[in-house]
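One structure below.
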Amino acid sequence: MNEEKIQVLFALSECVPFAKSGGLADVGGALPLALNRKRGIRASVIMPQYSTIPPQYLEQLEHVAHFNIKVGWRTKYCGINKLVHRGTTFYFIDNQDYFYTDYLYGYGDYEAERFAFFSIAVLESIPYLDDKPDILHCHDWQTAMIPVLLKNRYALVDTWRNLKTIFTIHNLRFQGVFGPSLLPDLFDLERILADDGRVGNGGALNFMKGAITYSDIITTVSPTYSKEILTQWGGESLDYAFAERKDSLHGILNGIDNLTFNPEKDTTIAANFSYKDLSGKKICKAALQEEAGLPVKPKKPIIGMIGRLTSQKGLDLVERVMNDIMHEELQMIVLGTGDRRYAEMFEYFQKLFPDKLRAYITFDAGLANRIYAGSDMFLMPSLFEPCGLAQMISMAYGSVPIVRETGGLKDTVNAYSSETGKGNGFSFAYYNAHDMLYTIRRALEYYYQYPDEWDIIRLAGMRQDFSWKVSASNYVNLYRELLI
Ligand code: ADP
């Protein structure tokens with residue numbers, strides 16, 4: 001262990017501002033920076049050098065080293081380049097065959113090969129890095145084979161012997177499942193590891209199962225989700241594996257980047273505001289109604305909904321009672337991409353209720369912020385939610401969340417109680433469309449009939465600290481625990 005600082009290397013497949021497809025990139029772009037503000041920690045990041053990284057960053061890359069590595073029987077070029085961004089060192093693994101594509105992720109066995117290459121490259125790069133890591137912090141299936149390779153091959157050699165690993169699960173649905181013959185073919189590891197279940201599940205090679213077996217510590221992105229994955233319902237067929245590692249399993253809530261998501265400073269919204277002065281929010285609401293082509297009515301509540309249009313996000317429930325929702329005294333603005341079925345459902349209702357619903361079937365970060373800022377309520381009735389960032393962002397912007405009590409939603413949204421005067425939103429427990437509808441109606445009742453209490457709820461959300469500070473401290477505690 002480094003005498004002065006614990007050195008942590010984040011290995012991940014996407015990271016803001018270089019490449020993003022989802023929440024993982026937000027974590028990669030914010031958590032290492034928050035860790036570097038803590039005493040005794042130095043965090044850096046290693047990721048693939050995709051050709052889609054914005055040119056202003058690619059142009060600044062500094063070459064560190066290059067060499068050949070073996071991916072099973074294949075010999076492949078591996079370049080390491082680096083960039084210091086906002087005080088944090090980012091290393092990029094370069095191989096044009098694998099990463100000069102117009103997509104971040106593809107399909108099939110080639111995907112296994114791309115991330116086998118990346119995992120081997122991360123371990124082979126360690127002797128060339130400025131700061132030798134004490135801990136490798138791996139994320140999701142794309143880097144799940146790093147702990148497997150480390151324990152089965154690399155730890156036999158001094159350079160890697162004392163390295164510790166943490167594996168964080170952001171999305172358990174994608175596990176990296178392939179045919180078992182790829183284990184010797186890509187990793188030079190014996191197929192028996194897949195067949196006997198150490199790196200396999202049900203006869204298939206399963207990258208994530210390998211990380212669960214071999215990582216020193218496993219984390220998920222919220223405390224509640226870390227319990228849900230121990231159940232058959234939430235475990236995505238790996239619940240038994242988590243149960244075996246229960247003592248090493250932790251749940252640490254994600255934060256949000258309070259530079260990007262801050263209504264006091266956000267330059268993409270019509271007017272700035274804070275919990276001390278909400279007058280700007282009224283301007284944002286009117287601007288949003290205008291932009292969406294809805295009647296500009298200050299008193300009419302707007303429900304916002306932003307996210308992937310998939311069944312994970314509770315769209316089945318919305319579809320079931322959409323007609324009832326449209327008959328309430330409200331407006332609704334939806335922004336999302338995903339399953340056609342849900343996109344068409346929203347488009348259908350938009351035609352029927354043009355004065356009430358506006359559905360944007362696209363990805364638009366600026367519009368997302370305008371919806372967070374202009375809406376009064378935010379609907380997120382997820383089936384499961386490892387953490388969820390959207391509900392935290394909505395609260396920061398004074399849009400009261402209506403959520404199902406699952407995963408990170410349960411950990412961040414507390415149902416308001418008139419008796420205690422405490423709570424920052426509305427929630428329901430069972431995955432049931434009419435429970436959701438009832439909860440929306442309850443929120444409307446407070447909005448219309450108890451405006452003083454509505455303000456209490458809204459301000460409770462706005463005042464909450466969703467920054468990375470607390471989460472970063474929790475990770476630091478785990479790192480220290482590992483190196484004792
Ligand atoms: P997940 O990672 O499961 O997709 P999260 O709530 O953790 O869900 O994070 C989603 C992030 O992506 C949020 O910042 C949300 O605002 C943003 N987002 C999702 N869909 C869109 C979209 N269509 N346009 C703009 N931003 C979006």
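In the structure tokens, each chain is lettered A, B, ... as it comes, each chain's residues begin at 1, and ligands are numbered from 1 in order of appearance.
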
Counting only C-alpha atoms and all ligand atoms, what residues are within 7 Å of ligand 1, given as number ranges by chain? A: 22-24, 306-308, 335-337, 361-365, 367-368, 385, 387-391

Residue contacts of Asp277 (chain A) (12 Å, only C-alpha atoms) excluding same-chain residues fewer than 2 positions away, as a count of residues only: 15

Separation of CA of Leu352 (chain A) and CA of Arg442 (chain A), in Å?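 A separation of 24.6 Å between them.
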
List every residue of region 108-193 of chain A that has an atom at most 12 Å from any atom of region 239-257 of chain A, and for each one report the closest atom pair and its distance in Å to one decimal, counting only C-alpha atoms, with rows sorted by chain and then by increasing residue number, as a Markdown table.
| residue | atom | partner | partner_atom | distance |
| --- | --- | --- | --- | --- |
| A:Thr165 | CA | A:Ser248 | CA | 11.6 |
| A:Ile166 | CA | A:Ser248 | CA | 9.8 |
| A:Phe167 | CA | A:Leu249 | CA | 9.7 |
| A:Thr168 | CA | A:Gly251 | CA | 9.2 |
| A:Ile169 | CA | A:Gly251 | CA | 9.6 |
| A:His170 | CA | A:Asn254 | CA | 9.9 |
| A:Leu172 | CA | A:Asp239 | CA | 10.7 |

At a cut-off of 6 Å, using only C-alpha atoms, what residues contact Met47 (chain A)? Leave out same-chain residues fewer than 4 positions from it and give the result as an MDAnalysis selection string. chainID A and resid 12:13 92

Select, from A:Asp216, A:Asp140, A:Asp94, A:Asp411, the residue with the minimum atom-to-atom distance to Gln175 (chain A), counting only C-alpha atoms. A:Asp140

Counting only C-alpha atoms, what is within 12 Å of Lys76 (chain A), bar same-chain residues fewer than 2 positions away, as number ranges by chain? A: 66-74, 78-79, 93-98, 113-114, 116-118, 120-121, 186

Could you please take those selected residues and save N, CA and C atoms as a PDB file, in the first residue's frame?
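Below is the file part-v4.pdb, written as the result:
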ATOM      1  N   HIS A  66       3.069   1.785 -25.395  1.00  0.00           N
ATOM      2  CA  HIS A  66       2.336   0.820 -26.220  1.00  0.00           C
ATOM      3  C   HIS A  66       3.100  -0.493 -26.243  1.00  0.00           C
ATOM      4  N   PHE A  67       2.366  -1.566 -26.412  1.00  0.00           N
ATOM      5  CA  PHE A  67       2.975  -2.913 -26.401  1.00  0.00           C
ATOM      6  C   PHE A  67       1.927  -3.862 -26.975  1.00  0.00           C
ATOM      7  N   ASN A  68       2.302  -5.124 -27.145  1.00  0.00           N
ATOM      8  CA  ASN A  68       1.333  -6.119 -27.614  1.00  0.00           C
ATOM      9  C   ASN A  68       0.859  -6.957 -26.435  1.00  0.00           C
ATOM     10  N   ILE A  69      -0.390  -7.361 -26.490  1.00  0.00           N
ATOM     11  CA  ILE A  69      -0.883  -8.267 -25.444  1.00  0.00           C
ATOM     12  C   ILE A  69      -1.555  -9.474 -26.100  1.00  0.00           C
ATOM     13  N   LYS A  70      -1.705 -10.536 -25.320  1.00  0.00           N
ATOM     14  CA  LYS A  70      -2.342 -11.742 -25.838  1.00  0.00           C
ATOM     15  C   LYS A  70      -3.803 -11.771 -25.385  1.00  0.00           C
ATOM     16  N   VAL A  71      -4.703 -11.952 -26.344  1.00  0.00           N
ATOM     17  CA  VAL A  71      -6.117 -12.171 -26.022  1.00  0.00           C
ATOM     18  C   VAL A  71      -6.383 -13.609 -26.465  1.00  0.00           C
ATOM     19  N   GLY A  72      -6.203 -14.556 -25.568  1.00  0.00           N
ATOM     20  CA  GLY A  72      -6.208 -15.964 -25.949  1.00  0.00           C
ATOM     21  C   GLY A  72      -5.037 -16.202 -26.901  1.00  0.00           C
ATOM     22  N   TRP A  73      -5.317 -16.707 -28.103  1.00  0.00           N
ATOM     23  CA  TRP A  73      -4.254 -16.995 -29.086  1.00  0.00           C
ATOM     24  C   TRP A  73      -3.922 -15.775 -29.943  1.00  0.00           C
ATOM     25  N   ARG A  74      -4.690 -14.663 -29.779  1.00  0.00           N
ATOM     26  CA  ARG A  74      -4.489 -13.492 -30.640  1.00  0.00           C
ATOM     27  C   ARG A  74      -3.441 -12.558 -30.043  1.00  0.00           C
ATOM     28  N   CYS A  78      -1.801  -2.708 -27.941  1.00  0.00           N
ATOM     29  CA  CYS A  78      -2.442  -2.010 -26.827  1.00  0.00           C
ATOM     30  C   CYS A  78      -1.703  -0.701 -26.576  1.00  0.00           C
ATOM     31  N   GLY A  79      -2.349   0.411 -26.823  1.00  0.00           N
ATOM     32  CA  GLY A  79      -1.756   1.726 -26.521  1.00  0.00           C
ATOM     33  C   GLY A  79      -2.353   2.264 -25.235  1.00  0.00           C
ATOM     34  N   ILE A  93      -7.353   3.194 -23.159  1.00  0.00           N
ATOM     35  CA  ILE A  93      -6.770   2.027 -23.825  1.00  0.00           C
ATOM     36  C   ILE A  93      -7.105   2.107 -25.306  1.00  0.00           C
ATOM     37  N   ASP A  94      -6.045   2.094 -26.108  1.00  0.00           N
ATOM     38  CA  ASP A  94      -6.215   2.310 -27.541  1.00  0.00           C
ATOM     39  C   ASP A  94      -6.008   1.020 -28.334  1.00  0.00           C
ATOM     40  N   ASN A  95      -7.011   0.660 -29.105  1.00  0.00           N
ATOM     41  CA  ASN A  95      -6.873  -0.371 -30.142  1.00  0.00           C
ATOM     42  C   ASN A  95      -7.964  -0.082 -31.158  1.00  0.00           C
ATOM     43  N   GLN A  96      -7.552   0.300 -32.350  1.00  0.00           N
ATOM     44  CA  GLN A  96      -8.541   0.798 -33.322  1.00  0.00           C
ATOM     45  C   GLN A  96      -9.495  -0.298 -33.795  1.00  0.00           C
ATOM     46  N   ASP A  97      -9.000  -1.561 -33.864  1.00  0.00           N
ATOM     47  CA  ASP A  97      -9.907  -2.641 -34.289  1.00  0.00           C
ATOM     48  C   ASP A  97     -11.108  -2.732 -33.359  1.00  0.00           C
ATOM     49  N   TYR A  98     -10.847  -2.619 -32.081  1.00  0.00           N
ATOM     50  CA  TYR A  98     -11.926  -2.839 -31.110  1.00  0.00           C
ATOM     51  C   TYR A  98     -12.762  -1.590 -30.825  1.00  0.00           C
ATOM     52  N   GLU A 113     -15.124 -10.396 -26.838  1.00  0.00           N
ATOM     53  CA  GLU A 113     -13.707 -10.216 -27.200  1.00  0.00           C
ATOM     54  C   GLU A 113     -13.238  -8.784 -26.922  1.00  0.00           C
ATOM     55  N   ARG A 114     -14.082  -7.797 -27.265  1.00  0.00           N
ATOM     56  CA  ARG A 114     -13.691  -6.395 -27.028  1.00  0.00           C
ATOM     57  C   ARG A 114     -13.391  -6.151 -25.545  1.00  0.00           C
ATOM     58  N   ALA A 116     -12.879  -8.520 -23.227  1.00  0.00           N
ATOM     59  CA  ALA A 116     -11.776  -9.380 -22.772  1.00  0.00           C
ATOM     60  C   ALA A 116     -10.476  -8.624 -23.018  1.00  0.00           C
ATOM     61  N   PHE A 117     -10.353  -8.069 -24.221  1.00  0.00           N
ATOM     62  CA  PHE A 117      -9.157  -7.275 -24.543  1.00  0.00           C
ATOM     63  C   PHE A 117      -8.989  -6.141 -23.538  1.00  0.00           C
ATOM     64  N   PHE A 118     -10.070  -5.410 -23.293  1.00  0.00           N
ATOM     65  CA  PHE A 118      -9.971  -4.259 -22.383  1.00  0.00           C
ATOM     66  C   PHE A 118      -9.541  -4.710 -20.980  1.00  0.00           C
ATOM     67  N   ILE A 120      -7.865  -7.423 -20.042  1.00  0.00           N
ATOM     68  CA  ILE A 120      -6.452  -7.843 -20.029  1.00  0.00           C
ATOM     69  C   ILE A 120      -5.565  -6.597 -20.136  1.00  0.00           C
ATOM     70  N   ALA A 121      -5.969  -5.656 -20.993  1.00  0.00           N
ATOM     71  CA  ALA A 121      -5.176  -4.437 -21.197  1.00  0.00           C
ATOM     72  C   ALA A 121      -5.061  -3.630 -19.896  1.00  0.00           C
ATOM     73  N   LEU A 186     -10.552 -16.733 -25.086  1.00  0.00           N
ATOM     74  CA  LEU A 186     -10.241 -15.300 -24.921  1.00  0.00           C
ATOM     75  C   LEU A 186      -9.334 -15.013 -23.736  1.00  0.00           C
TER      76      LEU A 186
END

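Near Leu483 (chain A), within 12 Å and counting only C-alpha atoms, sit Met1, Asn2, Glu3, Lys5, Ile6, Gln7, Val8, Pro133, Asp134, Ile135, Asn162, Leu163, Lys164, Thr165, Ile166, Asp216, Ile217, Val476, Asn477, Leu478, Tyr479 and Arg480 of chain A, not including residues fewer than 3 positions from it in the same chain.
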
Ala43 (chain A) surroundings by only C-alpha atoms, 8 Å radius, close-in-sequence under 6 positions cut, as a ChimeraX atom specification: /A:7-10,32-33,35-36,88-89

CA of Val318 (chain A) to CA of Glu453 (chain A): how many Å, to one decimal?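 Computing it gives 26.3 Å between the two atoms.
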
Check region 162-351 of chain A with DSSP on the backbone and list each residue it calls strand (DSSP E or B), as a PyMOL selection string. chain A and resi 164-169+177-178+200-201+204-206+217-220+249-251+274+277+302-306+309+331-335+338

CA of Gly425 (chain A) and CA of Gly366 (chain A) are how many Å apart? 24.3 Å
